[in-house]
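Notes to accompany the following structure.
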Number of protein chains: 2
Amino acid sequence: MLGLVKIKRIAILGAGLLGGSIMKTAKRLAVAETCCTWSRSEKTRERCRHCNFIDTVCESPEEAVADADVVVACVPVDRIVPLLSQVAGTVKKGALVTDVGSTKAAICKDAKTSLPRELRFVGSHPMAGIERNGIDEARDDLFENRLALVTPLPDTAPDIVDDAKSFWQSLGMRTHSLSPAEHDKIVAHVSHLPQAVAVALAGTLATQPLQWRDFGAGGMRDTTRIAAGTPEVWQAIFEENRKEVLPALDTYLKLFGELRDALADNNSQKLATILKLASDWRSKLK
Amino acid sequence: MLGLVKIKRIAILGAGLLGGSIMKTAKRLAVAETCCTWSRSEKTRERCRHCNFIDTVCESPEEAVADADVVVACVPVDRIVPLLSQVAGTVKKGALVTDVGSTKAAICKDAKTSLPRELRFVGSHPMAGIERNGIDEARDDLFENRLALVTPLPDTAPDIVDDAKSFWQSLGMRTHSLSPAEHDKIVAHVSHLPQAVAVALAGTLATQPLQWRDFGAGGMRDTTRIAAGTPEVWQAIFEENRKEVLPALDTYLKLFGELRDALADNNSQKLATILKLASDWRSKLK
């Protein structure tokens, strides 16, 4: 893979759940000889020194990317391109450079403007995650059979896309490539909208008497699960993808309003239609 | 229990997921000597004849309740009181009569009006369920450690409440009693609102290109899971509890609108406040 027989060194910039899980999985599946990482926080770097799936914990991002065959930026979406710009001069010629950001249009556009032309960058979004965060939550099965989206621009060389796909596949993922704009529109609906829905539900319940919480069963738990996600992470995602998220929220608001009005107006037929539309769609979900 | 040493016969009216699971659990835990059931549908009765946890499948509800120590109405919420009225004259003196309806105020009010004073009825709502339905889905662990709410009116005799609690406890449930009105207000928020939220989300996604569905990860799956529930069942619940559901929907709509506007207006502080409110609440959920 990567036009190389074997990856010698993976550099992970930002040692959170995703970065940590990449290293842990890479070790389990012997994808690379060496996993090295850097984190902005000394506290996180100290934790990383105790992780047996990390070979080297670096004091600077430049030190981490030096001599790496694959560089993955695993920092919040608004910091990805600034960080990659900072290390671009140190990245080895021919190395694959990618990221794990949940939004792609702004990142890929900024990357095209800010990064040197010879840097082999393509955006990625491995669609895996849990509502917890941090290197201590890293799992070696987080990516198993999940989907990694790779988002080339029209002028991204096909071999870079192939390398990124191969990399994610080597971690056990399925892959699909699409444009950054298409990516952002789709994830606004299938990922960011569900997050907003869960957040508004959990927020609504948070303002009710505390003991009501104990009356909730599996439905309440499941429907609010992802609301536990880190506020800062989601704020950055929502704001970065505002252009696509807002129309998705409005489409949802419209249907929710129709459901509400059908109930208020005693319009049983309309209510039944909405319930059936939702039930049919969800029942067919594999 | 039930002031009796042992229940000899349980009658389950309506053989769906809940009714079936009561019988299956009662058999596993040896709660009763005999489980008998009736269903309006001959097709369901035929299926019941092949269930090894059902002793007798009856052709009429009267036949089922005759000589039963416990009668549980497991039919849709709008059919519970009419059905209990129909069989009231046949129920054995001293038997416990209850139901599993997800709304309680209307049922308990109608029961008070329609049922003979000597019938030992109290409303129940075992808070357990899955998004599938039917006798074939019956499980003997559905109720384990889940909460059964028992909803007496002010003039319900305490021994009836105690008997109902003992019955649900014998199936492995925790119990709590509260007024029907309080019940309906709470479940409007912790059960019916999450259902409406999941339905509107699944319905919104149903109107997007079909292939987008494959891009959804665990968040989309969990947040929409309960939307697969049977439309007719939920329509009856929403309509029966309209008075409490509407204000709950409106409280949610208000917060969702605030989240939307915070994003549209680039009001980062407001967005952060909502995300944190939701995350804190959900993180503390046991």
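A note on labels: chains of the structure tokens are A, B, ... as shown, every chain counts residues from 1, and ligands are counted from 1 in their shown order.
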- Message: Taking 6 positions as the minimum chain separation for residues in the same chain, which residues sit within 10 Å of range 138-144 of chain A when counting only C-alpha atoms? Answer as a PyMOL selection string.
- Response: chain A and resi 15-29+51+53+126-130+132+168-169+171-174
- Would you list the contacts of Val70 in chain B as a PyMOL selection string, taking every protein, DNA or RNA residue within 9 Å and counting only C-alpha atoms, but skipping same-chain residues closer than 3 positions in sequence? chain B and resi 2+7-12+65+95-98+167
- Query: Near Thr207 in chain B, counting only C-alpha atoms, which residues have an atom at most 10 Å away, once you skip same-chain residues fewer than 2 positions from it, shown as a PyMOL selection string?
  - Reply: (chain A and resi 251+277-278+281) or (chain B and resi 202-205+209-210)
- Message: So the first atom is CA of Ala66 in chain B and the second is CA of Ile237 in chain B; what is the distance between them in Å, to one decimal place?
- Response: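 Interatomic distance here is 29.2 Å.
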- Which of range 117-242 of chain B DSSP labels strand (DSSP E or B), written as a list in words: Arg120, Phe121, Gly123, Ser124, His125, Pro126, Met127, Leu147, Ala148, Leu149, Val150, Thr151, Arg174, Thr175, His176 and Ser177 of chain B
- Message: As an exercise, work out the distance from CA of Arg79 in chain A to CA of Phe215 in chain B in Å and give it to one decimal place.
- Response: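 Between these atoms lies a distance of 24.7 Å.
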- Glu239 in chain B: which residues within 12 Å, counting only C-alpha atoms, same-chain residues fewer than 2 positions away excluded, as a PyMOL selection string? (chain A and resi 259-260+262-269+271-272) or (chain B and resi 76-78+102-103+106+188+192+232-237+241-246)
Preceding selection exported with C-alpha atoms as a PDB file, in the first residue's frame:
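Output file part.pdb is given in full below:
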ATOM      1  CA  LEU A 259     -46.246  16.452  13.284  1.00  0.00           C
ATOM      2  CA  ARG A 260     -47.015  18.901  16.098  1.00  0.00           C
ATOM      3  CA  ALA A 262     -51.300  17.267  13.043  1.00  0.00           C
ATOM      4  CA  LEU A 263     -51.578  16.342  16.726  1.00  0.00           C
ATOM      5  CA  ALA A 264     -52.884  19.771  17.759  1.00  0.00           C
ATOM      6  CA  ASP A 265     -55.452  19.838  14.938  1.00  0.00           C
ATOM      7  CA  ASN A 266     -56.550  16.258  15.528  1.00  0.00           C
ATOM      8  CA  ASN A 267     -55.479  15.452  11.965  1.00  0.00           C
ATOM      9  CA  SER A 268     -55.133  11.698  12.453  1.00  0.00           C
ATOM     10  CA  GLN A 269     -54.477  10.968   8.813  1.00  0.00           C
ATOM     11  CA  LEU A 271     -50.109  12.061  11.887  1.00  0.00           C
ATOM     12  CA  ALA A 272     -50.400   8.503  10.604  1.00  0.00           C
TER      13      ALA A 272
ATOM     14  CA  PRO B  76     -53.929  -0.531  22.521  1.00  0.00           C
ATOM     15  CA  VAL B  77     -54.723   2.340  24.905  1.00  0.00           C
ATOM     16  CA  ASP B  78     -58.061   3.227  23.325  1.00  0.00           C
ATOM     17  CA  SER B 102     -48.562   3.999  28.002  1.00  0.00           C
ATOM     18  CA  THR B 103     -50.998   6.765  28.987  1.00  0.00           C
ATOM     19  CA  ALA B 106     -57.946   8.966  30.417  1.00  0.00           C
ATOM     20  CA  ALA B 188     -44.949  12.940  27.721  1.00  0.00           C
ATOM     21  CA  HIS B 192     -43.493  10.464  23.980  1.00  0.00           C
ATOM     22  CA  GLU B 232     -50.784   2.679  14.990  1.00  0.00           C
ATOM     23  CA  VAL B 233     -49.537   2.111  18.531  1.00  0.00           C
ATOM     24  CA  TRP B 234     -47.841   5.508  18.657  1.00  0.00           C
ATOM     25  CA  GLN B 235     -50.690   7.326  17.022  1.00  0.00           C
ATOM     26  CA  ALA B 236     -53.027   6.073  19.760  1.00  0.00           C
ATOM     27  CA  ILE B 237     -50.532   7.069  22.482  1.00  0.00           C
ATOM     28  CA  ASN B 241     -51.949  11.982  25.748  1.00  0.00           C
ATOM     29  CA  ARG B 242     -52.311  15.024  23.475  1.00  0.00           C
ATOM     30  CA  LYS B 243     -52.879  17.403  26.409  1.00  0.00           C
ATOM     31  CA  GLU B 244     -49.430  16.652  27.888  1.00  0.00           C
ATOM     32  CA  VAL B 245     -47.545  15.844  24.677  1.00  0.00           C
ATOM     33  CA  LEU B 246     -48.230  19.189  22.974  1.00  0.00           C
TER      34      LEU B 246
END
- Can you list every residue in range 10-185 of chain B that DSSP puts in alpha helix (DSSP H), as an NGL selection string? :B and (17-28 or 42-48 or 61-65 or 80-87 or 105-114 or 158-170 or 180-185)
Can you spit out the residues from that selection as a JSON list (two decimals), in the first residue's frame, using C-alpha atoms?
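Result file is selection-v2.json:
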[["chain", "number", "residue", "atom", "x", "y", "z"],
["B", 17, "LEU", "CA", -44.98, -8.21, 22.75],
["B", 18, "LEU", "CA", -45.92, -7.05, 26.26],
["B", 19, "GLY", "CA", -48.62, -9.61, 26.97],
["B", 20, "GLY", "CA", -46.44, -12.40, 25.58],
["B", 21, "SER", "CA", -43.45, -11.26, 27.61],
["B", 22, "ILE", "CA", -45.53, -11.21, 30.80],
["B", 23, "MET", "CA", -46.51, -14.84, 30.22],
["B", 24, "LYS", "CA", -43.01, -15.92, 29.18],
["B", 25, "THR", "CA", -41.49, -14.25, 32.26],
["B", 26, "ALA", "CA", -44.19, -15.57, 34.57],
["B", 27, "LYS", "CA", -43.42, -19.08, 33.36],
["B", 28, "ARG", "CA", -39.65, -18.70, 33.76],
["B", 42, "GLU", "CA", -57.49, -15.69, 15.05],
["B", 43, "LYS", "CA", -54.08, -15.53, 13.39],
["B", 44, "THR", "CA", -52.51, -14.43, 16.68],
["B", 45, "ARG", "CA", -54.44, -17.05, 18.64],
["B", 46, "GLU", "CA", -53.11, -19.69, 16.25],
["B", 47, "ARG", "CA", -49.55, -18.50, 16.89],
["B", 48, "CYS", "CA", -50.18, -18.56, 20.61],
["B", 61, "PRO", "CA", -61.96, -12.54, 26.65],
["B", 62, "GLU", "CA", -64.65, -13.70, 29.09],
["B", 63, "GLU", "CA", -63.35, -17.26, 28.88],
["B", 64, "ALA", "CA", -59.81, -16.00, 29.54],
["B", 65, "VAL", "CA", -60.61, -13.97, 32.66],
["B", 80, "ILE", "CA", -58.44, -1.03, 27.31],
["B", 81, "VAL", "CA", -61.49, 0.27, 29.18],
["B", 82, "PRO", "CA", -64.09, -0.99, 26.64],
["B", 83, "LEU", "CA", -62.53, -4.45, 26.87],
["B", 84, "LEU", "CA", -62.40, -4.44, 30.68],
["B", 85, "SER", "CA", -66.04, -3.26, 30.79],
["B", 86, "GLN", "CA", -66.97, -6.18, 28.58],
["B", 87, "VAL", "CA", -65.40, -8.78, 30.87],
["B", 105, "ALA", "CA", -55.19, 9.74, 32.94],
["B", 106, "ALA", "CA", -57.95, 8.97, 30.42],
["B", 107, "ILE", "CA", -57.84, 5.22, 31.07],
["B", 108, "CYS", "CA", -58.07, 5.59, 34.85],
["B", 109, "LYS", "CA", -60.82, 8.21, 34.58],
["B", 110, "ASP", "CA", -62.86, 6.06, 32.17],
["B", 111, "ALA", "CA", -62.23, 2.98, 34.28],
["B", 112, "LYS", "CA", -63.64, 4.77, 37.33],
["B", 113, "THR", "CA", -66.78, 5.68, 35.36],
["B", 114, "SER", "CA", -67.28, 2.44, 33.44],
["B", 158, "PRO", "CA", -54.04, 0.75, 49.00],
["B", 159, "ASP", "CA", -54.16, -3.05, 48.93],
["B", 160, "ILE", "CA", -54.92, -2.95, 45.19],
["B", 161, "VAL", "CA", -51.83, -0.78, 44.64],
["B", 162, "ASP", "CA", -49.78, -3.16, 46.77],
["B", 163, "ASP", "CA", -51.03, -6.15, 44.80],
["B", 164, "ALA", "CA", -50.16, -4.50, 41.49],
["B", 165, "LYS", "CA", -46.69, -3.61, 42.75],
["B", 166, "SER", "CA", -46.16, -7.15, 44.02],
["B", 167, "PHE", "CA", -47.24, -8.55, 40.67],
["B", 168, "TRP", "CA", -44.76, -6.44, 38.66],
["B", 169, "GLN", "CA", -42.04, -7.09, 41.21],
["B", 170, "SER", "CA", -42.59, -10.81, 40.84],
["B", 180, "PRO", "CA", -52.31, 9.21, 36.48],
["B", 181, "ALA", "CA", -51.98, 12.95, 35.73],
["B", 182, "GLU", "CA", -48.41, 13.12, 36.99],
["B", 183, "HIS", "CA", -47.62, 9.93, 35.06],
["B", 184, "ASP", "CA", -48.90, 11.38, 31.81],
["B", 185, "LYS", "CA", -46.95, 14.61, 32.22]]
- Query: Please, what distance in Å, to one decimal, runs between CA of Ser124 in chain A and CA of Ala198 in chain A?
  - Reply: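 Spanning CA of Ser124 in chain A to CA of Ala198 in chain A is a straight-line distance of 25.0 Å.
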- Considering only C-alpha atoms, state which residue in the set B:Ala228, B:Ile135, B:Val31, B:Val150 is at the smallest distance from chain A. B:Ala228
- Note on the structure: Using only C-alpha atoms, the residue out of B:His176, B:Lys276, B:Lys286, B:Lys92 with shortest distance to chain A is B:Lys276
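Closest to chain A among B:Leu119, B:Met220, B:Val91, B:Glu258 is B:Met220, based on only C-alpha atoms.
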- Residue neighbourhood Val199 in chain A, 8 Å, only C-alpha atoms, exclusion window fewer than 2 positions, as a ChimeraX atom specification: /A:195-197,201-203,224,226-227 /B:274-275,278-279
